[in-house]
Amino acid sequence: MAQIIFLGTAGSSAVVNKQLRSSGGIILKVEDLQFHIDPGPGALQKAREYGVQLQHNTAVLVSHHHLNHCNDLNAVIDAMTHSGIENRGIVLGSKSVLIGGEGCHPFLTQYHQNLVEKIIPLEKNHKVAIELVEINALPAEHTDRTALGFKFFCPKFTLSYTGDIVSRLSYQR
């Protein structure tokens, strides 16, 4: 069985700042696996509201360093590991979030790095398998040069997530 739960569809930072629509990310459940994608502000509250148990997360994925995509990363890891009592889970994401770069500090704290089993900074076209799900890191056009999208190859379906779209006006004639 598979399930997608939207903990928020806020989109731009202007909408996130007002919290008119929540921004807690997306939960993808595939059989016994649970993936939390882009845990933005309010992830813990919305997970509770929708009956999602974050301690069941198999992995947390973060597409890039904007707050509406990574703000609650450390809080979600804390919930997932019972404040470090249970060292578990995988964190995958853009290098800017996990290790920093280009004048940006990493959002994943050293303390929270030590609570999880594995941290995988992804690059475009990088592939990772977590049990029966393969995840491909997709290239993304963004101001964060390490930004990614994710493509999930599951046993019965394929799901793609762009992460973010930087809008540009362009006309083709």
# chains A, B, ... in the order shown; residues from 1 in each chain; ligands from 1
>>> residues_around(residues="Lys124 (chain A)", least_positions_apart="5", cutoff="9 Å", atoms="only C-alpha atoms", output="compact mmCIF listing (two decimals) with C-alpha atoms, in the first residue's frame")
# COMPACT_ATOMS: atom_id res chain seq x y z
CA SER A 94 21.33 18.89 -1.23
CA ASN A 136 17.21 9.47 -8.10
CA ALA A 137 18.39 13.03 -7.47
CA LEU A 138 17.06 15.22 -10.27
CA PRO A 139 18.71 18.40 -11.51
CA ALA A 140 16.92 21.59 -10.53
CA THR A 146 23.02 22.28 -5.17
CA ALA A 147 19.19 22.20 -5.25
CA LEU A 148 17.62 18.90 -6.25
CA GLY A 149 14.39 17.21 -7.10
>>> select_by_dssp(residues="region 28-170 of chain A", states="alpha helix (DSSP H)", output="MDAnalysis selection string")
chainID A and resid 43:49 67:70 73:80 95:98 110:113
>>> closest_atom_pairs(of="region 79-159 of chain A", to="region 24-32 of chain A", cutoff="10 Å", atoms="only C-alpha atoms", output="tab-separated table")
residue	atom	partner	partner_atom	distance
A:Glu131	CA	A:Asp32	CA	9.9
A:Leu132	CA	A:Val30	CA	8.8
A:Val133	CA	A:Val30	CA	8.2
A:Phe152	CA	A:Leu28	CA	9.6
A:Cys154	CA	A:Val30	CA	7.4
A:Pro155	CA	A:Val30	CA	8.7
A:Lys156	CA	A:Val30	CA	9.5
A:Phe157	CA	A:Val30	CA	9.9
A:Leu159	CA	A:Leu28	CA	9.6
>>> write_last_selection(atoms="N, CA and C atoms", output="PDB file, in the first residue's frame")
ATOM      1  N   GLU A 131      15.886  -0.045   0.662  1.00  0.00           N
ATOM      2  CA  GLU A 131      15.086  -1.255   0.563  1.00  0.00           C
ATOM      3  C   GLU A 131      14.480  -1.367  -0.831  1.00  0.00           C
ATOM      4  N   LEU A 132      13.149  -1.338  -0.953  1.00  0.00           N
ATOM      5  CA  LEU A 132      12.517  -1.568  -2.250  1.00  0.00           C
ATOM      6  C   LEU A 132      12.279  -0.300  -3.062  1.00  0.00           C
ATOM      7  N   VAL A 133      12.777   0.852  -2.586  1.00  0.00           N
ATOM      8  CA  VAL A 133      12.585   2.126  -3.278  1.00  0.00           C
ATOM      9  C   VAL A 133      13.928   2.673  -3.755  1.00  0.00           C
ATOM     10  N   PHE A 152      11.169   8.967  -7.173  1.00  0.00           N
ATOM     11  CA  PHE A 152      11.036   7.734  -6.401  1.00  0.00           C
ATOM     12  C   PHE A 152      10.544   6.624  -7.322  1.00  0.00           C
ATOM     13  N   CYS A 154       9.149   3.190  -7.064  1.00  0.00           N
ATOM     14  CA  CYS A 154       8.538   2.286  -6.101  1.00  0.00           C
ATOM     15  C   CYS A 154       8.059   1.039  -6.846  1.00  0.00           C
ATOM     16  N   PRO A 155       7.744  -0.040  -6.140  1.00  0.00           N
ATOM     17  CA  PRO A 155       7.334  -1.266  -6.825  1.00  0.00           C
ATOM     18  C   PRO A 155       6.151  -1.102  -7.788  1.00  0.00           C
ATOM     19  N   LYS A 156       5.174  -0.249  -7.445  1.00  0.00           N
ATOM     20  CA  LYS A 156       3.977  -0.151  -8.281  1.00  0.00           C
ATOM     21  C   LYS A 156       3.776   1.207  -8.939  1.00  0.00           C
ATOM     22  N   PHE A 157       4.665   2.157  -8.684  1.00  0.00           N
ATOM     23  CA  PHE A 157       4.516   3.485  -9.281  1.00  0.00           C
ATOM     24  C   PHE A 157       5.841   4.237  -9.207  1.00  0.00           C
ATOM     25  N   LEU A 159       7.168   8.325  -8.699  1.00  0.00           N
ATOM     26  CA  LEU A 159       6.735   9.650  -8.268  1.00  0.00           C
ATOM     27  C   LEU A 159       7.912  10.617  -8.378  1.00  0.00           C
TER      28      LEU A 159
END
>>> atom_distance(atom1="CA of Tyr50 (chain A)", atom2="CA of Ser22 (chain A)")
12.2 Å
>>> closest_residue(among="A:Gly42, A:Pro121, A:Gly8, A:Pro106", to="Asp72 (chain A)", atoms="only C-alpha atoms")
A:Gly42
>>> atom_distance(atom1="CA of Asn74 (chain A)", atom2="CA of His36 (chain A)")
12.3 Å
>>> closest_residue(among="A:His82, A:Gly100, A:Ile5, A:Phe153", to="Gly51 (chain A)", atoms="only C-alpha atoms")
A:Ile5
